[in-house]
$ cat upload-v4.txt   # compact mmCIF, N, CA and C atoms
# COMPACT_ATOMS: atom_id res chain seq x y z
N MET A 1 103.92 75.20 77.71
CA MET A 1 102.56 75.60 78.06
C MET A 1 102.61 76.85 78.94
N ASN A 2 101.92 77.88 78.53
CA ASN A 2 101.84 79.10 79.33
C ASN A 2 100.72 78.96 80.36
N LEU A 3 101.02 79.37 81.55
CA LEU A 3 100.01 79.33 82.61
C LEU A 3 99.25 80.65 82.60
N PRO A 4 97.94 80.60 82.88
CA PRO A 4 97.16 81.84 82.90
C PRO A 4 97.59 82.76 84.04
N TRP A 5 97.44 84.06 83.81
CA TRP A 5 97.87 85.05 84.80
C TRP A 5 97.16 84.87 86.13
N HIS A 6 95.89 84.43 86.12
CA HIS A 6 95.16 84.29 87.39
C HIS A 6 95.69 83.14 88.22
N LEU A 7 96.34 82.15 87.56
CA LEU A 7 97.00 81.08 88.31
C LEU A 7 98.22 81.66 89.05
N TYR A 8 98.93 82.57 88.39
CA TYR A 8 100.04 83.24 89.06
C TYR A 8 99.54 84.09 90.22
N GLY A 9 98.37 84.68 90.05
CA GLY A 9 97.77 85.45 91.15
C GLY A 9 97.48 84.56 92.34
N MET A 10 96.91 83.39 92.08
CA MET A 10 96.62 82.45 93.17
C MET A 10 97.93 82.02 93.82
N ALA A 11 98.93 81.71 93.01
CA ALA A 11 100.22 81.29 93.53
C ALA A 11 100.81 82.37 94.44
N PHE A 12 100.72 83.62 94.02
CA PHE A 12 101.25 84.73 94.81
C PHE A 12 100.53 84.82 96.15
N ILE A 13 99.22 84.68 96.14
CA ILE A 13 98.43 84.76 97.39
C ILE A 13 98.90 83.69 98.38
N TYR A 14 99.05 82.44 97.92
CA TYR A 14 99.44 81.37 98.83
C TYR A 14 100.89 81.53 99.27
N PHE A 15 101.76 81.97 98.38
CA PHE A 15 103.15 82.18 98.74
C PHE A 15 103.27 83.23 99.84
N ILE A 16 102.60 84.36 99.66
CA ILE A 16 102.65 85.44 100.67
C ILE A 16 101.99 84.99 101.97
N ALA A 17 100.87 84.29 101.87
CA ALA A 17 100.21 83.79 103.09
C ALA A 17 101.14 82.85 103.84
N GLY A 18 101.85 82.00 103.11
CA GLY A 18 102.78 81.08 103.75
C GLY A 18 103.91 81.81 104.47
N ILE A 19 104.45 82.82 103.83
CA ILE A 19 105.51 83.62 104.47
C ILE A 19 104.98 84.30 105.73
N ASN A 20 103.73 84.73 105.69
CA ASN A 20 103.15 85.41 106.84
C ASN A 20 103.06 84.50 108.07
N HIS A 21 102.98 83.20 107.86
CA HIS A 21 102.97 82.26 109.00
C HIS A 21 104.26 82.39 109.81
N PHE A 22 105.35 82.78 109.15
CA PHE A 22 106.63 82.93 109.82
C PHE A 22 106.86 84.37 110.30
N ARG A 23 106.30 85.33 109.59
CA ARG A 23 106.45 86.74 109.98
C ARG A 23 105.58 87.09 111.18
N ASN A 24 104.39 86.50 111.25
CA ASN A 24 103.44 86.83 112.30
C ASN A 24 102.78 85.56 112.85
N PRO A 25 103.56 84.68 113.45
CA PRO A 25 102.99 83.40 113.90
C PRO A 25 101.92 83.55 114.97
N ARG A 26 102.02 84.58 115.81
CA ARG A 26 101.02 84.74 116.89
C ARG A 26 99.62 84.88 116.33
N LEU A 27 99.49 85.53 115.19
CA LEU A 27 98.18 85.69 114.55
C LEU A 27 97.55 84.32 114.29
N TYR A 28 98.33 83.40 113.78
CA TYR A 28 97.81 82.08 113.42
C TYR A 28 97.66 81.18 114.64
N LEU A 29 98.55 81.31 115.60
CA LEU A 29 98.48 80.47 116.79
C LEU A 29 97.18 80.69 117.56
N LYS A 30 96.66 81.93 117.53
CA LYS A 30 95.42 82.26 118.24
C LYS A 30 94.19 81.58 117.64
N ILE A 31 94.26 81.23 116.37
CA ILE A 31 93.06 80.74 115.70
C ILE A 31 93.09 79.23 115.43
N ILE A 32 94.11 78.56 115.93
CA ILE A 32 94.16 77.10 115.78
C ILE A 32 93.32 76.50 116.90
N PRO A 33 92.35 75.66 116.55
CA PRO A 33 91.49 75.07 117.59
C PRO A 33 92.30 74.31 118.63
N PRO A 34 91.86 74.33 119.89
CA PRO A 34 92.62 73.71 120.98
C PRO A 34 92.79 72.19 120.83
N TYR A 35 91.90 71.53 120.12
CA TYR A 35 92.01 70.07 119.99
C TYR A 35 93.08 69.65 118.98
N ILE A 36 93.63 70.61 118.24
CA ILE A 36 94.71 70.30 117.31
C ILE A 36 96.03 70.38 118.08
N PRO A 37 96.82 69.31 118.04
CA PRO A 37 98.05 69.30 118.84
C PRO A 37 99.16 70.16 118.22
N ASN A 38 100.10 70.55 119.06
CA ASN A 38 101.32 71.24 118.66
C ASN A 38 101.06 72.41 117.71
N HIS A 39 100.49 73.45 118.25
CA HIS A 39 100.10 74.61 117.45
C HIS A 39 101.26 75.22 116.67
N LYS A 40 102.43 75.31 117.30
CA LYS A 40 103.57 75.90 116.59
C LYS A 40 103.93 75.08 115.36
N LEU A 41 104.01 73.78 115.53
CA LEU A 41 104.35 72.91 114.40
C LEU A 41 103.29 73.02 113.30
N MET A 42 102.03 73.02 113.68
CA MET A 42 100.95 73.11 112.69
C MET A 42 101.00 74.44 111.94
N ASN A 43 101.30 75.51 112.67
CA ASN A 43 101.41 76.82 112.01
C ASN A 43 102.53 76.81 110.98
N TYR A 44 103.70 76.34 111.39
CA TYR A 44 104.84 76.34 110.46
C TYR A 44 104.63 75.36 109.32
N ALA A 45 104.03 74.21 109.61
CA ALA A 45 103.78 73.22 108.55
C ALA A 45 102.82 73.77 107.50
N SER A 46 101.77 74.45 107.96
CA SER A 46 100.82 75.01 106.99
C SER A 46 101.47 76.16 106.22
N GLY A 47 102.35 76.92 106.88
CA GLY A 47 103.06 77.98 106.18
C GLY A 47 103.98 77.42 105.10
N VAL A 48 104.73 76.37 105.44
CA VAL A 48 105.60 75.73 104.46
C VAL A 48 104.78 75.17 103.31
N ALA A 49 103.65 74.53 103.65
CA ALA A 49 102.78 73.97 102.60
C ALA A 49 102.30 75.06 101.65
N GLU A 50 101.89 76.21 102.19
CA GLU A 50 101.42 77.30 101.33
C GLU A 50 102.54 77.83 100.43
N ILE A 51 103.74 77.94 100.98
CA ILE A 51 104.87 78.42 100.18
C ILE A 51 105.18 77.42 99.05
N ILE A 52 105.27 76.16 99.39
CA ILE A 52 105.58 75.13 98.39
C ILE A 52 104.48 75.06 97.33
N LEU A 53 103.22 75.09 97.77
CA LEU A 53 102.12 75.03 96.80
C LEU A 53 102.11 76.27 95.91
N GLY A 54 102.40 77.43 96.49
CA GLY A 54 102.46 78.66 95.69
C GLY A 54 103.52 78.56 94.60
N ILE A 55 104.66 78.03 94.95
CA ILE A 55 105.73 77.86 93.96
C ILE A 55 105.33 76.80 92.93
N ALA A 56 104.81 75.67 93.40
CA ALA A 56 104.45 74.57 92.51
C ALA A 56 103.34 74.96 91.53
N LEU A 57 102.46 75.87 91.93
CA LEU A 57 101.42 76.32 91.01
C LEU A 57 102.01 76.99 89.77
N CYS A 58 103.21 77.53 89.90
CA CYS A 58 103.86 78.25 88.79
C CYS A 58 104.68 77.34 87.89
N ILE A 59 104.77 76.07 88.23
CA ILE A 59 105.55 75.12 87.44
C ILE A 59 104.57 74.24 86.66
N PRO A 60 104.53 74.40 85.34
CA PRO A 60 103.49 73.72 84.56
C PRO A 60 103.33 72.22 84.84
N VAL A 61 104.42 71.51 85.00
CA VAL A 61 104.32 70.07 85.22
C VAL A 61 103.76 69.74 86.61
N LEU A 62 103.80 70.70 87.53
CA LEU A 62 103.32 70.49 88.90
C LEU A 62 102.02 71.21 89.22
N SER A 63 101.59 72.11 88.37
CA SER A 63 100.48 73.00 88.73
C SER A 63 99.19 72.25 89.05
N ALA A 64 98.86 71.20 88.32
CA ALA A 64 97.62 70.46 88.61
C ALA A 64 97.71 69.77 89.97
N TYR A 65 98.87 69.19 90.28
CA TYR A 65 99.05 68.55 91.58
C TYR A 65 98.99 69.59 92.70
N ALA A 66 99.59 70.74 92.45
CA ALA A 66 99.57 71.81 93.44
C ALA A 66 98.15 72.31 93.67
N ALA A 67 97.36 72.38 92.61
CA ALA A 67 95.96 72.82 92.77
C ALA A 67 95.20 71.84 93.66
N TRP A 68 95.44 70.54 93.47
CA TRP A 68 94.82 69.55 94.37
C TRP A 68 95.34 69.74 95.80
N GLY A 69 96.62 70.07 95.92
CA GLY A 69 97.18 70.33 97.24
C GLY A 69 96.55 71.54 97.91
N VAL A 70 96.27 72.57 97.14
CA VAL A 70 95.59 73.76 97.68
C VAL A 70 94.20 73.37 98.18
N ILE A 71 93.49 72.57 97.41
CA ILE A 71 92.15 72.13 97.83
C ILE A 71 92.25 71.35 99.13
N ALA A 72 93.21 70.43 99.21
CA ALA A 72 93.39 69.64 100.44
C ALA A 72 93.73 70.54 101.62
N LEU A 73 94.59 71.52 101.39
CA LEU A 73 94.96 72.44 102.46
C LEU A 73 93.76 73.25 102.94
N LEU A 74 92.96 73.73 102.00
CA LEU A 74 91.78 74.50 102.38
C LEU A 74 90.79 73.66 103.18
N ILE A 75 90.67 72.39 102.84
CA ILE A 75 89.81 71.49 103.62
C ILE A 75 90.41 71.30 105.02
N ALA A 76 91.72 71.11 105.08
CA ALA A 76 92.38 70.86 106.36
C ALA A 76 92.27 72.04 107.31
N ILE A 77 92.30 73.26 106.79
CA ILE A 77 92.25 74.43 107.68
C ILE A 77 90.83 74.93 107.93
N PHE A 78 89.84 74.30 107.33
CA PHE A 78 88.46 74.75 107.51
C PHE A 78 88.04 74.77 108.99
N PRO A 79 88.46 73.80 109.82
CA PRO A 79 88.08 73.88 111.25
C PRO A 79 88.52 75.17 111.92
N THR A 80 89.56 75.79 111.42
CA THR A 80 90.00 77.06 111.98
C THR A 80 88.92 78.12 111.80
N HIS A 81 88.26 78.12 110.66
CA HIS A 81 87.21 79.10 110.42
C HIS A 81 86.01 78.85 111.33
N LEU A 82 85.69 77.60 111.56
CA LEU A 82 84.61 77.27 112.50
C LEU A 82 84.98 77.71 113.91
N TYR A 83 86.21 77.43 114.31
CA TYR A 83 86.68 77.82 115.64
C TYR A 83 86.63 79.34 115.80
N MET A 84 87.06 80.07 114.80
CA MET A 84 87.02 81.53 114.87
C MET A 84 85.59 82.03 115.01
N TYR A 85 84.66 81.39 114.34
CA TYR A 85 83.27 81.84 114.37
C TYR A 85 82.63 81.56 115.73
N PHE A 86 82.88 80.37 116.28
CA PHE A 86 82.17 79.95 117.49
C PHE A 86 82.87 80.31 118.80
N ASP A 87 84.16 80.56 118.80
CA ASP A 87 84.87 80.86 120.04
C ASP A 87 85.26 82.34 120.08
N PRO A 88 84.69 83.10 121.01
CA PRO A 88 84.97 84.54 121.08
C PRO A 88 86.46 84.86 121.25
N LYS A 89 87.25 83.96 121.85
CA LYS A 89 88.67 84.23 122.04
C LYS A 89 89.43 84.22 120.71
N ALA A 90 88.85 83.59 119.69
CA ALA A 90 89.53 83.47 118.40
C ALA A 90 89.00 84.45 117.36
N HIS A 91 88.06 85.31 117.72
CA HIS A 91 87.44 86.24 116.76
C HIS A 91 88.41 87.23 116.15
N MET A 92 89.47 87.56 116.86
CA MET A 92 90.44 88.58 116.44
C MET A 92 89.78 89.94 116.20
N GLY A 93 88.69 90.20 116.90
CA GLY A 93 88.02 91.48 116.77
C GLY A 93 87.20 91.64 115.50
N LEU A 94 87.06 90.57 114.73
CA LEU A 94 86.29 90.65 113.49
C LEU A 94 84.81 90.45 113.77
N PRO A 95 83.93 91.13 113.05
CA PRO A 95 82.50 90.94 113.26
C PRO A 95 82.07 89.53 112.83
N LYS A 96 81.04 89.03 113.49
CA LYS A 96 80.55 87.67 113.22
C LYS A 96 80.15 87.50 111.76
N TRP A 97 79.57 88.52 111.14
CA TRP A 97 79.13 88.38 109.75
C TRP A 97 80.32 88.13 108.83
N LEU A 98 81.46 88.77 109.15
CA LEU A 98 82.65 88.59 108.32
C LEU A 98 83.23 87.19 108.53
N LEU A 99 83.22 86.73 109.77
CA LEU A 99 83.69 85.38 110.06
C LEU A 99 82.81 84.34 109.36
N LEU A 100 81.51 84.60 109.31
CA LEU A 100 80.60 83.70 108.61
C LEU A 100 80.84 83.73 107.10
N LEU A 101 81.12 84.90 106.58
CA LEU A 101 81.37 85.05 105.15
C LEU A 101 82.65 84.32 104.71
N ARG A 102 83.60 84.19 105.61
CA ARG A 102 84.86 83.52 105.27
C ARG A 102 84.65 82.04 104.94
N MET A 103 83.63 81.43 105.53
CA MET A 103 83.42 79.99 105.30
C MET A 103 83.04 79.68 103.85
N PRO A 104 82.05 80.34 103.27
CA PRO A 104 81.78 80.06 101.85
C PRO A 104 82.92 80.54 100.95
N LEU A 105 83.69 81.52 101.41
CA LEU A 105 84.84 81.96 100.64
C LEU A 105 85.84 80.81 100.47
N GLN A 106 85.96 79.97 101.49
CA GLN A 106 86.84 78.79 101.38
C GLN A 106 86.41 77.90 100.21
N PHE A 107 85.11 77.73 100.05
CA PHE A 107 84.61 76.90 98.95
C PHE A 107 84.87 77.58 97.60
N ALA A 108 84.77 78.89 97.57
CA ALA A 108 85.08 79.62 96.34
C ALA A 108 86.56 79.47 96.00
N LEU A 109 87.43 79.50 97.02
CA LEU A 109 88.85 79.30 96.78
C LEU A 109 89.14 77.88 96.30
N MET A 110 88.40 76.91 96.84
CA MET A 110 88.55 75.53 96.37
C MET A 110 88.12 75.41 94.91
N PHE A 111 87.04 76.06 94.56
CA PHE A 111 86.57 76.03 93.18
C PHE A 111 87.58 76.69 92.26
N TRP A 112 88.17 77.79 92.71
CA TRP A 112 89.20 78.48 91.92
C TRP A 112 90.36 77.52 91.67
N ALA A 113 90.83 76.85 92.71
CA ALA A 113 91.94 75.91 92.56
C ALA A 113 91.54 74.74 91.66
N TYR A 114 90.31 74.29 91.77
CA TYR A 114 89.84 73.15 90.96
C TYR A 114 89.94 73.45 89.47
N GLN A 115 89.87 74.70 89.10
CA GLN A 115 89.95 75.07 87.68
C GLN A 115 91.29 74.67 87.07
N TYR A 116 92.28 74.38 87.90
CA TYR A 116 93.63 74.07 87.39
C TYR A 116 94.03 72.63 87.66
N THR A 117 93.08 71.78 88.02
CA THR A 117 93.42 70.37 88.30
C THR A 117 93.45 69.53 87.05
$ encode --input "upload-v4.txt" --output "structure tokens"
Amino acid sequence: MNLPWHLYGMAFIYFIAGINHFRNPRLYLKIIPPYIPNHKLMNYASGVAEIILGIALCIPVLSAYAAWGVIALLIAIFPTHLYMYFDPKAHMGLPKWLLLLRMPLQFALMFWAYQYT
């Protein structure tokens, strides 16, 4: 079974995002809400999850499971987007309208992943 090119595109996005958790951890540590314990562990765990899911999306026998994993991951990290929007320390200099726009984008990414479940 050949996988569609846009699935490879999604896989590439998550793989690169996962690697970035290790290349630039400070970026992610700033946006993890304070009520989530062990920020370093959570950053690395989410990075590993993105890398594994990115790879698994490219393996036909695993791609549907990986798509469900992407949806679960996007749900799990959604509080980060809320934290960035409501806490000025987590804005990273981004305008509020862009931070607000990121939230529905999460749902669009979930819908994109759902196409491969």
$ residues_near_point --input "upload-v4.txt" --point "(101.0, 80.1, 111.8)" --cutoff "8 Å" --atoms "all atoms listed in the file" --output "NGL selection string"
:A and (20-30 or 39-47)
$ closest_residue --input "upload-v4.txt" --among "A:Thr117, A:Pro60, A:Ala49, A:Met84" --to "A:Gly18" --atoms "only N, CA and C atoms"
A:Ala49
$ atom_distance --input "upload-v4.txt" --atom1 "atom CA of A:Leu7" --atom2 "atom CA of A:His81"
24.3 Å
$ select_by_dssp --input "upload-v4.txt" --residues "chain A" --states "alpha helix (DSSP H)" --output "number ranges by chain"
A: 5-23, 25-29, 39-57, 63-76, 78-86, 96-114
$ atom_distance --input "upload-v4.txt" --atom1 "atom C of A:Thr80" --atom2 "atom C of A:Cys58"
28.6 Å
$ residues_around --input "upload-v4.txt" --residues "A:Leu82" --least-positions-apart "3" --cutoff "8 Å" --atoms "all atoms listed in the file" --output "ChimeraX atom specification"
/A:33,77-79,85-87,99,103
$ write_last_selection --input "upload-v4.txt" --atoms "N, CA and C atoms" --output "JSON list (two decimals), keeping the file's coordinate frame"
[["chain", "number", "residue", "atom", "x", "y", "z"],
["A", 33, "PRO", "N", 92.35, 75.66, 116.55],
["A", 33, "PRO", "CA", 91.49, 75.07, 117.59],
["A", 33, "PRO", "C", 92.30, 74.31, 118.63],
["A", 77, "ILE", "N", 92.30, 73.26, 106.79],
["A", 77, "ILE", "CA", 92.25, 74.43, 107.68],
["A", 77, "ILE", "C", 90.83, 74.93, 107.93],
["A", 78, "PHE", "N", 89.84, 74.30, 107.33],
["A", 78, "PHE", "CA", 88.46, 74.75, 107.51],
["A", 78, "PHE", "C", 88.04, 74.77, 108.99],
["A", 79, "PRO", "N", 88.46, 73.80, 109.82],
["A", 79, "PRO", "CA", 88.08, 73.88, 111.25],
["A", 79, "PRO", "C", 88.52, 75.17, 111.92],
["A", 85, "TYR", "N", 84.66, 81.39, 114.34],
["A", 85, "TYR", "CA", 83.27, 81.84, 114.37],
["A", 85, "TYR", "C", 82.63, 81.56, 115.73],
["A", 86, "PHE", "N", 82.88, 80.37, 116.28],
["A", 86, "PHE", "CA", 82.17, 79.95, 117.49],
["A", 86, "PHE", "C", 82.87, 80.31, 118.80],
["A", 87, "ASP", "N", 84.16, 80.56, 118.80],
["A", 87, "ASP", "CA", 84.87, 80.86, 120.04],
["A", 87, "ASP", "C", 85.26, 82.34, 120.08],
["A", 99, "LEU", "N", 83.22, 86.73, 109.77],
["A", 99, "LEU", "CA", 83.69, 85.38, 110.06],
["A", 99, "LEU", "C", 82.81, 84.34, 109.36],
["A", 103, "MET", "N", 83.63, 81.43, 105.53],
["A", 103, "MET", "CA", 83.42, 79.99, 105.30],
["A", 103, "MET", "C", 83.04, 79.68, 103.85]]
$ decode --input "upload-v4.txt" --residues "stretch 58-69 of chain A" --atoms "all heavy atoms" --output "JSON list (two decimals), in the first residue's frame"
[["chain", "number", "residue", "atom", "x", "y", "z"],
["A", 58, "CYS", "N", 4.91, 6.84, 8.58],
["A", 58, "CYS", "CA", 5.47, 6.41, 7.28],
["A", 58, "CYS", "C", 5.45, 4.90, 7.10],
["A", 58, "CYS", "O", 5.84, 4.40, 6.05],
["A", 58, "CYS", "CB", 6.90, 6.92, 7.14],
["A", 58, "CYS", "SG", 7.02, 8.70, 7.10],
["A", 59, "ILE", "N", 5.04, 4.17, 8.11],
["A", 59, "ILE", "CA", 5.02, 2.70, 8.05],
["A", 59, "ILE", "C", 3.56, 2.27, 7.88],
["A", 59, "ILE", "O", 2.76, 2.44, 8.81],
["A", 59, "ILE", "CB", 5.65, 2.09, 9.31],
["A", 59, "ILE", "CG1", 7.09, 2.59, 9.47],
["A", 59, "ILE", "CG2", 5.58, 0.56, 9.27],
["A", 59, "ILE", "CD1", 7.73, 2.25, 10.79],
["A", 60, "PRO", "N", 3.21, 1.74, 6.71],
["A", 60, "PRO", "CA", 1.80, 1.46, 6.43],
["A", 60, "PRO", "C", 1.05, 0.69, 7.51],
["A", 60, "PRO", "O", -0.08, 1.03, 7.85],
["A", 60, "PRO", "CB", 1.84, 0.68, 5.12],
["A", 60, "PRO", "CG", 3.08, 1.17, 4.44],
["A", 60, "PRO", "CD", 4.06, 1.41, 5.56],
["A", 61, "VAL", "N", 1.67, -0.30, 8.09],
["A", 61, "VAL", "CA", 0.98, -1.10, 9.10],
["A", 61, "VAL", "C", 0.76, -0.33, 10.41],
["A", 61, "VAL", "O", -0.10, -0.67, 11.21],
["A", 61, "VAL", "CB", 1.73, -2.44, 9.35],
["A", 61, "VAL", "CG1", 3.04, -2.21, 10.07],
["A", 61, "VAL", "CG2", 0.86, -3.44, 10.07],
["A", 62, "LEU", "N", 1.52, 0.76, 10.60],
["A", 62, "LEU", "CA", 1.41, 1.56, 11.83],
["A", 62, "LEU", "C", 0.76, 2.92, 11.62],
["A", 62, "LEU", "O", 0.44, 3.59, 12.60],
["A", 62, "LEU", "CB", 2.82, 1.79, 12.42],
["A", 62, "LEU", "CG", 3.60, 0.57, 12.85],
["A", 62, "LEU", "CD1", 4.98, 0.98, 13.34],
["A", 62, "LEU", "CD2", 2.85, -0.19, 13.93],
["A", 63, "SER", "N", 0.57, 3.33, 10.39],
["A", 63, "SER", "CA", 0.18, 4.72, 10.13],
["A", 63, "SER", "C", -1.16, 5.09, 10.78],
["A", 63, "SER", "O", -1.30, 6.20, 11.30],
["A", 63, "SER", "CB", 0.17, 5.02, 8.64],
["A", 63, "SER", "OG", -0.78, 4.22, 7.98],
["A", 64, "ALA", "N", -2.14, 4.20, 10.78],
["A", 64, "ALA", "CA", -3.43, 4.53, 11.39],
["A", 64, "ALA", "C", -3.29, 4.70, 12.91],
["A", 64, "ALA", "O", -3.86, 5.63, 13.49],
["A", 64, "ALA", "CB", -4.46, 3.46, 11.08],
["A", 65, "TYR", "N", -2.50, 3.82, 13.54],
["A", 65, "TYR", "CA", -2.26, 3.95, 14.97],
["A", 65, "TYR", "C", -1.50, 5.24, 15.28],
["A", 65, "TYR", "O", -1.80, 5.93, 16.26],
["A", 65, "TYR", "CB", -1.47, 2.75, 15.51],
["A", 65, "TYR", "CG", -2.19, 1.44, 15.34],
["A", 65, "TYR", "CD1", -1.76, 0.51, 14.40],
["A", 65, "TYR", "CD2", -3.30, 1.13, 16.11],
["A", 65, "TYR", "CE1", -2.41, -0.70, 14.23],
["A", 65, "TYR", "CE2", -3.97, -0.08, 15.95],
["A", 65, "TYR", "CZ", -3.52, -0.99, 15.02],
["A", 65, "TYR", "OH", -4.17, -2.18, 14.85],
["A", 66, "ALA", "N", -0.54, 5.55, 14.44],
["A", 66, "ALA", "CA", 0.24, 6.77, 14.63],
["A", 66, "ALA", "C", -0.65, 8.00, 14.47],
["A", 66, "ALA", "O", -0.48, 8.99, 15.20],
["A", 66, "ALA", "CB", 1.40, 6.82, 13.65],
["A", 67, "ALA", "N", -1.59, 7.96, 13.54],
["A", 67, "ALA", "CA", -2.50, 9.10, 13.37],
["A", 67, "ALA", "C", -3.33, 9.31, 14.63],
["A", 67, "ALA", "O", -3.54, 10.45, 15.06],
["A", 67, "ALA", "CB", -3.40, 8.87, 12.15],
["A", 68, "TRP", "N", -3.80, 8.21, 15.23],
["A", 68, "TRP", "CA", -4.51, 8.34, 16.52],
["A", 68, "TRP", "C", -3.58, 8.88, 17.59],
["A", 68, "TRP", "O", -3.98, 9.69, 18.44],
["A", 68, "TRP", "CB", -5.09, 7.00, 16.95],
["A", 68, "TRP", "CG", -6.35, 6.63, 16.23],
["A", 68, "TRP", "CD1", -6.53, 5.59, 15.38],
["A", 68, "TRP", "CD2", -7.62, 7.30, 16.31],
["A", 68, "TRP", "NE1", -7.83, 5.58, 14.91],
["A", 68, "TRP", "CE2", -8.52, 6.62, 15.47],
["A", 68, "TRP", "CE3", -8.08, 8.42, 17.00],
["A", 68, "TRP", "CZ2", -9.84, 7.02, 15.30],
["A", 68, "TRP", "CZ3", -9.40, 8.82, 16.83],
["A", 68, "TRP", "CH2", -10.27, 8.12, 15.99],
["A", 69, "GLY", "N", -2.32, 8.47, 17.55],
["A", 69, "GLY", "CA", -1.34, 8.99, 18.50],
["A", 69, "GLY", "C", -1.11, 10.48, 18.32],
["A", 69, "GLY", "O", -0.97, 11.22, 19.31]]
